[in-house]
>>> print(open('input.cif').read())   # mmCIF, C-alpha atoms
data_upload
#
loop_
_atom_site.label_atom_id
_atom_site.label_comp_id
_atom_site.auth_asym_id
_atom_site.auth_seq_id
_atom_site.Cartn_x
_atom_site.Cartn_y
_atom_site.Cartn_z
CA MET C 1 170.48 39.78 88.05
CA THR C 2 173.41 41.37 89.86
CA ASP C 3 174.92 41.39 93.36
CA ASN C 4 173.14 44.67 94.16
CA ASN C 5 169.72 43.07 93.78
CA LEU C 6 170.39 40.29 96.27
CA ASN C 7 170.85 40.02 100.00
CA ILE C 8 173.97 37.88 99.88
CA HIS C 9 175.68 36.90 103.10
CA PRO C 10 179.04 38.70 103.53
CA ALA C 11 180.87 35.39 103.95
CA LEU C 12 179.90 34.50 100.40
CA GLN C 13 179.86 37.98 98.89
CA ASN C 14 183.49 38.68 99.77
CA LEU C 15 184.92 35.28 98.87
CA LYS C 16 188.33 35.68 97.20
CA GLU C 17 189.51 32.06 97.26
CA VAL C 18 188.31 28.51 97.74
CA SER C 19 190.22 26.74 100.50
CA LEU C 20 189.66 24.56 103.53
CA ALA C 21 189.44 27.76 105.63
CA SER C 22 186.90 29.45 103.36
CA ILE C 23 184.78 26.29 103.21
CA ALA C 24 184.69 26.13 107.02
CA LYS C 25 183.74 29.82 107.17
CA LEU C 26 180.86 29.35 104.71
CA ALA C 27 179.60 26.28 106.57
CA GLN C 28 179.66 28.14 109.88
CA ALA C 29 177.75 31.09 108.43
CA TYR C 30 175.21 28.74 106.88
CA ASN C 31 174.68 26.82 110.12
CA GLU C 32 174.25 30.03 112.11
CA GLN C 33 171.67 31.26 109.63
CA THR C 34 169.66 28.05 109.36
CA ASP C 35 169.66 27.61 113.15
CA LYS C 36 167.52 30.78 113.31
CA LEU C 37 164.99 29.48 110.83
CA SER C 38 161.97 27.31 111.58
CA GLY C 39 159.15 25.81 109.58
CA HIS C 40 159.74 26.13 105.85
CA PHE C 41 163.26 26.91 104.73
CA TRP C 42 163.77 30.64 104.20
CA ALA C 43 167.06 32.15 103.12
CA ALA C 44 168.79 35.52 103.28
CA ALA C 45 166.72 37.75 105.58
CA ASN C 46 163.72 35.37 105.51
CA ASN C 47 162.95 35.93 101.84
CA LYS C 48 161.88 33.06 99.66
CA LEU C 49 164.62 31.67 97.47
CA ILE C 50 164.88 33.60 94.22
CA PRO C 51 164.43 31.49 91.07
CA PRO C 52 167.81 31.52 89.33
CA PHE C 53 168.85 32.20 85.81
CA PRO C 54 168.58 28.62 84.45
CA VAL C 55 171.96 27.06 85.15
CA LYS C 56 173.08 23.43 85.07
CA LEU C 57 176.27 22.19 86.70
CA PHE C 58 177.81 19.06 85.18
CA TYR C 59 180.23 17.52 87.66
CA TYR C 60 182.44 14.66 86.47
CA SER C 61 184.83 12.82 88.75
CA ASP C 62 187.18 9.90 88.07
CA ASN C 63 185.52 7.45 90.43
CA GLY C 64 184.47 5.04 87.70
CA GLY C 65 185.74 1.47 87.87
CA ASN C 66 184.81 -2.17 88.34
CA LEU C 67 183.83 -1.79 92.02
CA GLU C 68 181.55 0.61 93.86
CA ASP C 69 183.67 3.18 95.64
CA THR C 70 182.74 4.97 98.84
CA ALA C 71 184.70 7.95 97.53
CA ASP C 72 182.03 8.53 94.89
CA LYS C 73 179.33 8.72 97.55
CA GLU C 74 181.46 11.09 99.64
CA VAL C 75 181.97 13.40 96.68
CA GLN C 76 178.25 13.42 95.88
CA LYS C 77 177.37 14.24 99.51
CA ALA C 78 179.98 17.02 99.65
CA LEU C 79 178.67 18.47 96.39
CA VAL C 80 175.06 18.52 97.63
CA ASP C 81 176.16 20.14 100.90
CA SER C 82 178.21 22.76 99.06
CA ILE C 83 175.35 23.65 96.72
CA ASP C 84 172.94 23.99 99.66
CA ILE C 85 175.33 26.20 101.63
CA VAL C 86 175.93 28.57 98.74
CA SER C 87 172.24 28.67 97.91
CA GLY C 88 171.26 29.33 101.52
CA LEU C 89 173.75 32.19 101.87
CA SER C 90 172.75 33.87 98.61
CA GLY C 91 169.01 33.38 98.54
CA ILE C 92 169.22 31.89 95.04
CA GLU C 93 167.73 28.48 94.34
CA ALA C 94 170.32 25.77 93.86
CA PRO C 95 171.22 24.94 90.26
CA GLU C 96 170.47 21.49 88.95
CA VAL C 97 173.49 19.22 89.26
CA ILE C 98 174.18 16.39 86.84
CA SER C 99 176.92 14.07 88.06
CA GLY C 100 178.93 11.56 86.09
CA LYS C 101 181.91 9.26 86.41
CA THR C 102 185.00 8.99 84.28
CA LEU C 103 187.48 6.13 84.30
CA ALA C 104 189.62 6.12 87.45
CA GLN C 105 193.10 7.65 87.00
CA SER C 106 192.66 7.89 83.24
CA TRP C 107 193.35 11.49 82.25
CA SER C 108 193.39 10.69 78.53
CA THR C 109 189.87 9.22 78.40
CA SER C 110 188.55 11.72 80.95
CA ALA C 111 189.87 14.56 78.80
CA PHE C 112 187.99 13.10 75.84
CA ASP C 113 184.74 12.86 77.84
CA PHE C 114 185.26 16.47 78.95
CA ALA C 115 185.56 17.71 75.38
CA GLN C 116 182.82 15.52 73.92
CA THR C 117 180.28 16.83 76.44
CA THR C 118 181.21 20.51 76.08
CA ARG C 119 182.56 21.22 72.60
CA LYS C 120 179.39 19.79 71.08
CA SER C 121 176.72 21.74 72.92
CA LEU C 122 173.24 22.83 71.85
CA ARG C 123 173.38 25.49 74.53
CA GLY C 124 176.35 27.19 76.12
CA VAL C 125 174.92 29.94 78.34
CA GLY C 126 173.96 28.55 81.73
CA ARG C 127 176.20 25.49 81.38
CA VAL C 128 179.13 24.82 83.72
CA THR C 129 181.19 21.62 83.46
CA PHE C 130 183.81 20.62 86.02
CA LEU C 131 186.14 17.65 85.52
CA ASN C 132 188.09 16.17 88.40
CA CYS C 133 190.79 13.84 87.15
CA ALA C 134 194.26 14.77 88.35
CA PRO C 135 197.06 12.29 87.71
CA ARG C 136 199.44 14.56 89.68
CA LEU C 137 202.12 13.52 87.20
CA ASP C 138 204.00 16.79 87.67
CA GLU C 139 204.17 16.27 91.42
CA ARG C 140 205.37 12.67 91.44
CA GLY C 141 208.95 11.90 92.45
CA ALA C 142 211.24 9.50 94.24
CA ASP C 143 210.52 11.17 97.57
CA GLY C 144 206.76 11.14 97.10
CA ASN C 145 204.34 14.02 97.43
CA HIS C 146 204.40 14.79 101.14
CA SER C 147 202.16 17.85 100.96
CA ASN C 148 199.56 16.08 98.80
CA LYS C 149 199.97 18.98 96.41
CA GLY C 150 197.95 18.86 93.23
CA GLU C 151 197.83 20.93 90.07
CA PRO C 152 196.09 24.29 89.82
CA VAL C 153 192.42 24.53 88.93
CA TYR C 154 191.81 26.13 85.54
CA VAL C 155 188.70 27.86 84.17
CA GLY C 156 187.80 28.94 80.64
CA ILE C 157 184.74 29.84 78.60
CA LEU C 158 184.03 28.45 75.15
CA PRO C 159 182.91 30.93 72.46
CA ASN C 160 179.27 29.81 72.92
CA GLY C 161 179.36 30.62 76.65
CA HIS C 162 179.87 27.11 78.06
CA VAL C 163 182.13 27.40 81.12
CA ILE C 164 184.71 24.63 81.52
CA THR C 165 186.87 24.02 84.56
CA ALA C 166 189.23 21.22 85.58
CA ASN C 167 192.00 20.48 88.04
CA SER C 168 194.83 19.51 85.69
CA ARG C 169 196.42 20.81 82.52
CA TYR C 170 196.16 17.23 81.24
CA ASN C 171 192.37 17.50 81.27
CA PHE C 172 192.52 19.99 78.39
CA ALA C 173 194.24 17.68 75.89
CA TYR C 174 191.26 17.90 73.53
CA PHE C 175 191.16 21.69 73.76
CA ARG C 176 194.79 22.14 72.73
CA ASP C 177 193.83 23.23 69.22
CA MET C 178 191.58 26.01 70.54
CA VAL C 179 194.27 27.28 72.90
CA GLU C 180 196.76 27.15 70.04
CA ASP C 181 194.59 29.17 67.63
CA GLY C 182 193.57 31.65 70.33
CA THR C 183 189.84 30.89 70.48
CA LEU C 184 190.06 29.66 74.08
CA GLU C 185 191.85 31.12 77.09
CA LEU C 186 192.37 29.10 80.28
CA PHE C 187 192.91 30.96 83.54
CA GLU C 188 193.95 29.82 87.00
CA ALA C 189 191.45 29.94 89.85
CA LYS C 190 192.55 30.63 93.39
CA VAL C 191 191.72 27.18 94.74
CA GLN C 192 193.83 25.62 97.48
CA PRO C 193 196.26 23.14 95.83
CA ASP C 194 197.20 21.11 98.90
CA GLY C 195 196.33 20.41 102.54
CA THR C 196 194.35 17.25 101.85
CA GLN C 197 194.86 14.14 99.75
CA PHE C 198 191.14 14.18 98.86
CA ARG C 199 190.57 17.55 97.22
CA SER C 200 187.80 15.83 95.22
CA ARG C 201 185.70 15.78 98.37
CA ASP C 202 187.16 18.52 100.55
CA ILE C 203 187.65 21.41 98.10
CA PHE C 204 186.42 20.85 94.55
CA PRO C 205 182.66 20.62 95.33
CA GLU C 206 182.86 24.05 96.96
CA HIS C 207 184.72 25.43 93.96
CA ALA C 208 182.06 24.11 91.59
CA ALA C 209 179.26 25.47 93.77
CA VAL C 210 180.78 28.93 94.26
CA LEU C 211 181.79 29.25 90.60
CA THR C 212 178.28 28.35 89.44
CA HIS C 213 176.74 30.76 91.93
CA ARG C 214 178.99 33.66 90.92
CA LEU C 215 178.23 33.05 87.26
CA THR C 216 174.51 32.97 88.04
CA ILE C 217 174.41 36.33 89.80
CA ASN C 218 176.42 37.86 86.96
CA SER C 219 174.21 36.39 84.27
CA HIS C 220 173.85 39.81 82.65
CA LEU C 221 177.44 39.29 81.41
CA TRP C 222 176.77 35.77 80.11
CA LYS C 223 176.05 35.63 76.36
CA SER C 224 175.63 32.96 73.70
CA GLU C 225 178.37 34.51 71.57
CA MET C 226 181.26 35.83 73.61
CA SER C 227 184.43 37.60 72.57
CA LEU C 228 187.62 36.96 74.51
CA ASP C 229 187.18 40.30 76.27
CA SER C 230 183.61 39.53 77.33
CA ARG C 231 184.68 36.12 78.60
CA ARG C 232 187.45 37.68 80.69
CA GLU C 233 184.94 40.17 82.12
CA LEU C 234 182.61 37.39 83.25
CA LEU C 235 185.43 35.38 84.82
CA GLU C 236 186.76 38.49 86.55
CA ALA C 237 183.32 38.92 88.15
CA VAL C 238 183.67 35.47 89.74
CA GLY C 239 186.15 37.05 92.14
CA TYR C 240 188.84 34.41 92.54
CA ILE C 241 190.06 33.82 88.98
CA LYS C 242 193.23 35.48 87.74
CA THR C 243 192.40 36.99 84.34
CA ASN C 244 195.49 39.16 83.84
CA GLU C 245 196.96 36.51 81.50
CA PRO C 246 196.10 32.94 80.47
CA ALA C 247 197.63 30.31 82.76
CA LEU C 248 197.99 27.64 80.08
CA ARG C 249 199.70 27.86 76.70
CA ALA C 250 199.26 25.22 74.01
CA GLU C 251 202.70 23.82 74.79
CA ASP C 252 201.63 23.30 78.42
CA ILE C 253 198.89 20.92 77.34
CA PRO C 254 199.79 17.33 76.35
CA LYS C 255 199.80 16.61 72.63
CA LEU C 256 198.44 13.17 71.85
CA ASN C 257 199.78 11.14 68.95
CA ALA C 258 197.50 10.12 66.09
CA PHE C 259 195.41 7.00 66.72
CA THR C 260 195.65 7.36 70.48
CA VAL C 261 192.71 5.54 72.06
CA ALA C 262 190.39 8.30 73.23
CA SER C 263 187.70 6.18 74.84
CA ILE C 264 185.99 2.80 74.88
CA ASP C 265 182.23 2.45 75.03
CA VAL C 266 179.82 -0.10 76.46
CA HIS C 267 179.68 -1.90 73.10
CA GLY C 268 183.43 -2.51 73.13
CA ASN C 269 184.11 -0.02 70.35
CA VAL C 270 187.53 1.63 70.53
CA LYS C 271 187.40 5.36 69.79
CA THR C 272 190.55 7.08 68.53
CA ASN C 273 191.51 10.76 68.53
CA THR C 274 191.98 10.93 64.75
CA ARG C 275 189.41 12.38 62.36
CA LEU C 276 188.71 11.15 58.88
CA SER C 277 189.50 14.62 57.52
CA GLU C 278 193.02 14.41 58.92
CA LEU C 279 193.89 11.60 56.52
CA SER C 280 194.96 12.41 52.98
CA GLU C 281 192.85 11.18 50.07
CA GLN C 282 195.63 8.75 49.17
CA THR C 283 195.61 7.31 52.66
CA LYS C 284 191.82 6.94 52.65
CA ALA C 285 192.00 5.19 49.27
CA TRP C 286 194.65 2.82 50.62
CA LEU C 287 192.56 2.05 53.70
CA SER C 288 189.53 1.37 51.49
CA SER C 289 191.34 -1.11 49.25
CA ASP C 290 190.64 -4.85 49.38
CA LYS C 291 193.82 -5.58 51.34
CA GLY C 292 192.58 -3.53 54.30
CA VAL C 293 194.73 -2.75 57.29
CA ARG C 294 196.06 -4.55 60.35
CA ILE C 295 195.62 -2.96 63.77
CA ARG C 296 198.04 -3.83 66.55
CA LEU C 297 197.84 -3.23 70.27
CA GLY C 298 200.52 -4.99 72.26
CA ASP C 299 200.60 -8.63 71.15
CA GLN C 300 197.15 -8.51 69.58
CA VAL C 301 196.70 -7.88 65.85
CA LEU C 302 193.36 -7.52 64.06
CA ASN C 303 192.72 -7.60 60.31
CA ALA C 304 190.33 -4.74 59.62
CA ARG C 305 188.51 -3.14 56.71
CA PHE C 306 187.85 0.58 56.38
CA THR C 307 184.22 1.51 55.64
CA GLU C 308 182.46 4.86 55.53
CA ARG C 309 179.70 3.62 57.86
CA MET C 310 180.17 1.34 60.84
CA PHE C 311 177.44 -1.13 59.85
CA ASP C 312 178.62 -1.59 56.25
CA ARG C 313 180.22 -4.85 57.35
CA ALA C 314 179.35 -8.46 57.95
CA GLU C 315 178.74 -10.05 61.34
CA GLY C 316 182.00 -10.53 63.20
CA GLU C 317 184.04 -8.40 60.77
CA THR C 318 186.48 -5.88 62.22
CA GLY C 319 186.28 -2.42 60.76
CA PHE C 320 187.73 1.04 60.96
CA SER C 321 185.03 3.68 60.55
CA VAL C 322 183.82 7.09 61.67
CA GLY C 323 181.93 6.66 64.92
CA SER C 324 179.50 8.75 66.94
CA SER C 325 182.01 11.07 68.62
CA GLY C 326 183.71 14.25 67.49
CA SER C 327 181.09 15.56 65.09
CA ASN C 328 179.93 19.17 65.46
CA TRP C 329 182.77 20.11 67.78
CA VAL C 330 183.90 23.72 67.49
CA GLY C 331 185.75 23.81 64.18
CA ALA C 332 184.62 20.36 63.05
CA ALA C 333 182.05 19.57 60.37
CA ALA C 334 178.96 17.51 61.17
CA ASP C 335 180.28 14.45 59.33
CA ASP C 336 183.87 14.78 60.55
CA GLY C 337 183.90 12.39 63.48
CA PHE C 338 186.66 10.33 65.03
CA LEU C 339 187.63 6.93 63.67
CA GLU C 340 186.69 3.88 65.73
CA VAL C 341 187.68 0.22 65.72
CA SER C 342 184.59 -1.95 66.02
CA ILE C 343 183.49 -5.51 65.40
CA ILE C 344 179.88 -6.14 64.41
CA GLY C 345 178.32 -8.33 67.08
CA LYS C 346 181.44 -8.47 69.26
CA ALA C 347 183.64 -6.25 71.41
CA ALA C 348 186.82 -4.90 69.83
CA THR C 349 188.11 -4.29 73.35
CA ASP C 350 188.04 -8.05 74.00
CA ALA C 351 189.76 -8.84 70.72
CA LEU C 352 192.51 -6.33 71.51
CA GLU C 353 192.63 -7.48 75.16
CA LEU C 354 192.14 -3.89 76.26
CA ASN C 355 191.07 -3.28 79.86
CA PRO C 356 190.48 -0.20 82.06
CA ASP C 357 193.82 -0.51 83.86
CA ASP C 358 195.60 0.09 80.54
CA PHE C 359 194.29 3.66 80.58
CA LYS C 360 196.30 4.64 83.62
CA GLY C 361 198.79 5.37 80.84
CA VAL C 362 198.24 6.54 77.25
CA VAL C 363 197.14 3.79 74.84
CA GLU C 364 198.13 4.04 71.17
CA LEU C 365 197.15 1.83 68.25
CA THR C 366 199.66 0.90 65.55
CA LEU C 367 198.50 0.36 61.98
CA LEU C 368 200.44 -2.21 59.98
CA ASP C 369 200.87 -2.67 56.27
CA PRO C 370 198.94 -5.93 55.63
CA VAL C 371 201.44 -7.09 52.98
CA GLU C 372 204.83 -6.12 54.39
CA ASP C 373 203.71 -6.31 58.03
CA ASN C 374 205.66 -3.13 58.71
CA VAL C 375 204.43 -0.09 60.56
CA ALA C 376 202.42 1.96 58.08
CA HIS C 377 203.30 5.59 57.52
CA PHE C 378 200.37 7.90 56.81
CA ASP C 379 200.06 11.34 55.31
CA PHE C 380 197.90 13.84 57.17
CA THR C 381 196.15 16.77 55.58
CA ASN C 382 196.05 18.64 58.87
CA SER C 383 199.52 19.84 59.85
CA SER C 384 198.48 20.04 63.50
CA ALA C 385 197.81 16.31 63.63
CA SER C 386 200.52 14.32 65.34
CA VAL C 387 201.95 11.42 63.34
CA ALA C 388 202.35 8.45 65.64
CA PHE C 389 204.03 6.18 63.18
CA ILE C 390 207.74 5.83 62.58
CA GLU C 391 209.53 4.03 59.82
CA SER C 392 210.03 0.35 60.51
CA LYS C 393 212.49 -2.00 58.77
CA GLU C 394 213.32 -0.96 55.22
CA SER C 395 209.88 -0.96 53.66
CA VAL C 396 207.42 1.71 54.73
CA MET C 397 203.93 2.40 53.37
CA ALA C 398 204.47 6.02 52.38
CA LEU C 399 201.38 7.55 50.81
#
>>> encode(input="input.cif", output="structure tokens")
Amino acid sequence: MTDNNLNIHPALQNLKEVSLASIAKLAQAYNEQTDKLSGHFWAAANNKLIPPFPVKLFYYSDNGGNLEDTADKEVQKALVDSIDIVSGLSGIEAPEVISGKTLAQSWSTSAFDFAQTTRKSLRGVGRVTFLNCAPRLDERGADGNHSNKGEPVYVGILPNGHVITANSRYNFAYFRDMVEDGTLELFEAKVQPDGTQFRSRDIFPEHAAVLTHRLTINSHLWKSEMSLDSRRELLEAVGYIKTNEPALRAEDIPKLNAFTVASIDVHGNVKTNTRLSELSEQTKAWLSSDKGVRIRLGDQVLNARFTERMFDRAEGETGFSVGSSGSNWVGAAADDGFLEVSIIGKAATDALELNPDDFKGVVELTLLDPVEDNVAHFDFTNSSASVAFIESKESVMAL
């Protein structure tokens, strides 16, 4: 399916940017067209909507919290409107949209959700995932952010064809390794960076809708195994993405220390960003010994035991084990998941007094030597892993 086979409205066909002005132009064109229609909805020169190449848009926004937020409803309404407008102007049926929430203002956990739902993917072609979680850390200052300016919007394609896009370089923390080894390129999209304090509602839904539409009509370029050149070609066809050179380098993306808390789940398990394979055999042997390990977060300290499987422990016992996340990511083996702190029958989050507000910053666990009560120093087999631990006092557990 290509542009030449469709009767696409000029307002959409010639779109070179996503901005408040372009959104108003598309809405006006849509309203003028639908005002002429009666009875059943017909689009683009009164032809029935064309069934699309099967595409799903996953749209995640950081409206998750303890209270229901009107902002979430506004974003959902804007997204539905945007999808309908683009569909009506192109004559292509709207893609299915799957919406989700991430923790409010928590770029570190949102970045983890972003990677966990894209890097492990049974299907890449026809999948578009957008994450909206912009801490605007680069724009903060003593004088405030008078223009409401946010970060650029970035777009990339994973080797299996899954398109990922987000509105902050921080959102790509769990893709840093792929950018570093050259298997992923992230480009900047021409999306208005300012003009409203609520880009989540006023601009991003249109970006997600237009991006998904442009990918759909260029589906002949979308493959399950894509070279860097073929990925650039597909993004170039979108029309408002700069593909002359990647916009993000590895050093532009935050590097998280080992044993940073990646996420917490409904069971109260605390997921970290460190894989079992990143620990040396000596370190794993030390963790598995009878003396165990002590885990500290703030003033809270838990005595824990390392086990290969989460449920190889007694009721109420704290453990350190491979959890359900991180397996089968690009470059990761099926059994190479991230380590989690969990308590059988209880919530580790409660024991560590960890709450959602803590994630407005980066949360790191400290592992203590259970005998000396000093900060433990670990060896990592993977040189790209960050070592979060520094020597403490005179005695250090060097393995």
>>> closest_atom_pairs(input="input.cif", of="segment 166-280 of chain C", to="segment 109-123 of chain C", cutoff="10 Å", atoms="all atoms listed in the file", output="Markdown table")
| residue | atom | partner | partner_atom | distance |
| --- | --- | --- | --- | --- |
| C:Ala166 | CA | C:Phe114 | CA | 9.1 |
| C:Ser168 | CA | C:Ala111 | CA | 9.8 |
| C:Arg169 | CA | C:Ala111 | CA | 9.8 |
| C:Tyr170 | CA | C:Ala111 | CA | 7.3 |
| C:Asn171 | CA | C:Ala111 | CA | 4.6 |
| C:Phe172 | CA | C:Ala111 | CA | 6.1 |
| C:Ala173 | CA | C:Ala111 | CA | 6.1 |
| C:Tyr174 | CA | C:Ala115 | CA | 6.0 |
| C:Phe175 | CA | C:Ala115 | CA | 7.1 |
| C:Ser224 | CA | C:Arg123 | CA | 7.8 |
| C:Thr260 | CA | C:Thr109 | CA | 10.0 |
| C:Val261 | CA | C:Thr109 | CA | 7.9 |
| C:Ala262 | CA | C:Thr109 | CA | 5.3 |
| C:Ser263 | CA | C:Thr109 | CA | 5.2 |
| C:Ile264 | CA | C:Thr109 | CA | 8.3 |
| C:Lys271 | CA | C:Thr109 | CA | 9.8 |
| C:Thr272 | CA | C:Phe112 | CA | 9.8 |
| C:Asn273 | CA | C:Phe112 | CA | 8.4 |
>>> resolve_selection(input="input.cif", expression="the PyMOL selection byres ((chain C and resi 357-367) around 6)", output="PyMOL selection string")
chain C and resi 105-106+259-261+294-297+355-356+368+376
>>> residues_around(input="input.cif", residues="segment 94-102 of chain C", least_positions_apart="6", cutoff="9 Å", atoms="only C-alpha atoms", output="PyMOL selection string")
chain C and resi 49+51-65+72+76+79-80+83-84+86-88+109-110+113+131-133+209+212-213+216
>>> atom_distance(input="input.cif", atom1="atom CA of Ala21 of chain C", atom2="atom CA of Gly195 of chain C")
10.5 Å
>>> atom_distance(input="input.cif", atom1="atom CA of Glu180 of chain C", atom2="atom CA of Ile241 of chain C")
21.2 Å
>>> resolve_selection(input="input.cif", expression="the PyMOL selection byres ((chain C and resi 317) around 6)", output="list of chain:residue names")
C:Ala314, C:Glu315, C:Gly316, C:Thr318, C:Ile343, C:Ile344
>>> resolve_selection(input="input.cif", expression="the PyMOL selection byres ((chain C and resi 206) around 9)", output="number ranges by chain")
C: 18-19, 23, 78-79, 81-83, 86, 201-205, 207-211
>>> build_atoms(input="input.cif", residues="segment 260-278 of chain C", atoms="N, CA, C and O atoms", output="mmCIF file, keeping the file's coordinate frame")
data_model
loop_
_atom_site.group_PDB
_atom_site.id
_atom_site.type_symbol
_atom_site.label_atom_id
_atom_site.label_comp_id
_atom_site.auth_asym_id
_atom_site.auth_seq_id
_atom_site.Cartn_x
_atom_site.Cartn_y
_atom_site.Cartn_z
ATOM 1 N N THR C 260 195.723 7.624 69.044
ATOM 2 C CA THR C 260 195.650 7.360 70.480
ATOM 3 C C THR C 260 194.212 6.933 70.793
ATOM 4 O O THR C 260 193.253 7.471 70.235
ATOM 5 N N VAL C 261 194.050 5.962 71.676
ATOM 6 C CA VAL C 261 192.710 5.540 72.060
ATOM 7 C C VAL C 261 192.112 6.620 72.961
ATOM 8 O O VAL C 261 192.640 6.913 74.032
ATOM 9 N N ALA C 262 191.025 7.215 72.494
ATOM 10 C CA ALA C 262 190.390 8.300 73.230
ATOM 11 C C ALA C 262 189.408 7.780 74.264
ATOM 12 O O ALA C 262 189.267 8.361 75.347
ATOM 13 N N SER C 263 188.721 6.685 73.947
ATOM 14 C CA SER C 263 187.700 6.180 74.840
ATOM 15 C C SER C 263 187.260 4.791 74.365
ATOM 16 O O SER C 263 187.498 4.416 73.210
ATOM 17 N N ILE C 264 186.648 4.042 75.256
ATOM 18 C CA ILE C 264 185.990 2.800 74.880
ATOM 19 C C ILE C 264 184.552 2.879 75.375
ATOM 20 O O ILE C 264 184.292 3.463 76.431
ATOM 21 N N ASP C 265 183.624 2.342 74.618
ATOM 22 C CA ASP C 265 182.230 2.450 75.030
ATOM 23 C C ASP C 265 181.689 1.093 75.485
ATOM 24 O O ASP C 265 182.386 0.078 75.458
ATOM 25 N N VAL C 266 180.433 1.094 75.887
ATOM 26 C CA VAL C 266 179.820 -0.100 76.460
ATOM 27 C C VAL C 266 179.704 -1.229 75.437
ATOM 28 O O VAL C 266 179.581 -2.406 75.793
ATOM 29 N N HIS C 267 179.759 -0.892 74.149
ATOM 30 C CA HIS C 267 179.680 -1.900 73.100
ATOM 31 C C HIS C 267 181.034 -2.527 72.801
ATOM 32 O O HIS C 267 181.130 -3.439 71.976
ATOM 33 N N GLY C 268 182.090 -2.004 73.413
ATOM 34 C CA GLY C 268 183.430 -2.510 73.130
ATOM 35 C C GLY C 268 184.078 -1.855 71.945
ATOM 36 O O GLY C 268 185.122 -2.313 71.470
ATOM 37 N N ASN C 269 183.481 -0.769 71.445
ATOM 38 C CA ASN C 269 184.110 -0.020 70.350
ATOM 39 C C ASN C 269 185.268 0.811 70.900
ATOM 40 O O ASN C 269 185.192 1.349 71.994
ATOM 41 N N VAL C 270 186.315 0.928 70.108
ATOM 42 C CA VAL C 270 187.530 1.630 70.530
ATOM 43 C C VAL C 270 187.621 2.933 69.752
ATOM 44 O O VAL C 270 187.898 2.941 68.547
ATOM 45 N N LYS C 271 187.394 4.041 70.429
ATOM 46 C CA LYS C 271 187.400 5.360 69.790
ATOM 47 C C LYS C 271 188.813 5.908 69.771
ATOM 48 O O LYS C 271 189.514 5.867 70.771
ATOM 49 N N THR C 272 189.231 6.453 68.624
ATOM 50 C CA THR C 272 190.550 7.080 68.530
ATOM 51 C C THR C 272 190.398 8.595 68.487
ATOM 52 O O THR C 272 189.290 9.124 68.388
ATOM 53 N N ASN C 273 191.520 9.293 68.539
ATOM 54 C CA ASN C 273 191.510 10.760 68.530
ATOM 55 C C ASN C 273 191.743 11.334 67.136
ATOM 56 O O ASN C 273 192.000 12.523 66.990
ATOM 57 N N THR C 274 191.643 10.506 66.104
ATOM 58 C CA THR C 274 191.980 10.930 64.750
ATOM 59 C C THR C 274 190.732 11.018 63.877
ATOM 60 O O THR C 274 189.945 10.070 63.805
ATOM 61 N N ARG C 275 190.567 12.161 63.225
ATOM 62 C CA ARG C 275 189.410 12.380 62.360
ATOM 63 C C ARG C 275 189.678 11.883 60.945
ATOM 64 O O ARG C 275 190.818 11.850 60.484
ATOM 65 N N LEU C 276 188.602 11.563 60.271
ATOM 66 C CA LEU C 276 188.710 11.150 58.880
ATOM 67 C C LEU C 276 189.336 12.255 58.038
ATOM 68 O O LEU C 276 190.156 11.993 57.151
ATOM 69 N N SER C 277 188.993 13.507 58.325
ATOM 70 C CA SER C 277 189.500 14.620 57.520
ATOM 71 C C SER C 277 190.998 14.817 57.675
ATOM 72 O O SER C 277 191.615 15.503 56.856
ATOM 73 N N GLU C 278 191.587 14.252 58.708
ATOM 74 C CA GLU C 278 193.020 14.410 58.920
ATOM 75 C C GLU C 278 193.840 13.484 58.040
ATOM 76 O O GLU C 278 195.055 13.644 57.942
#
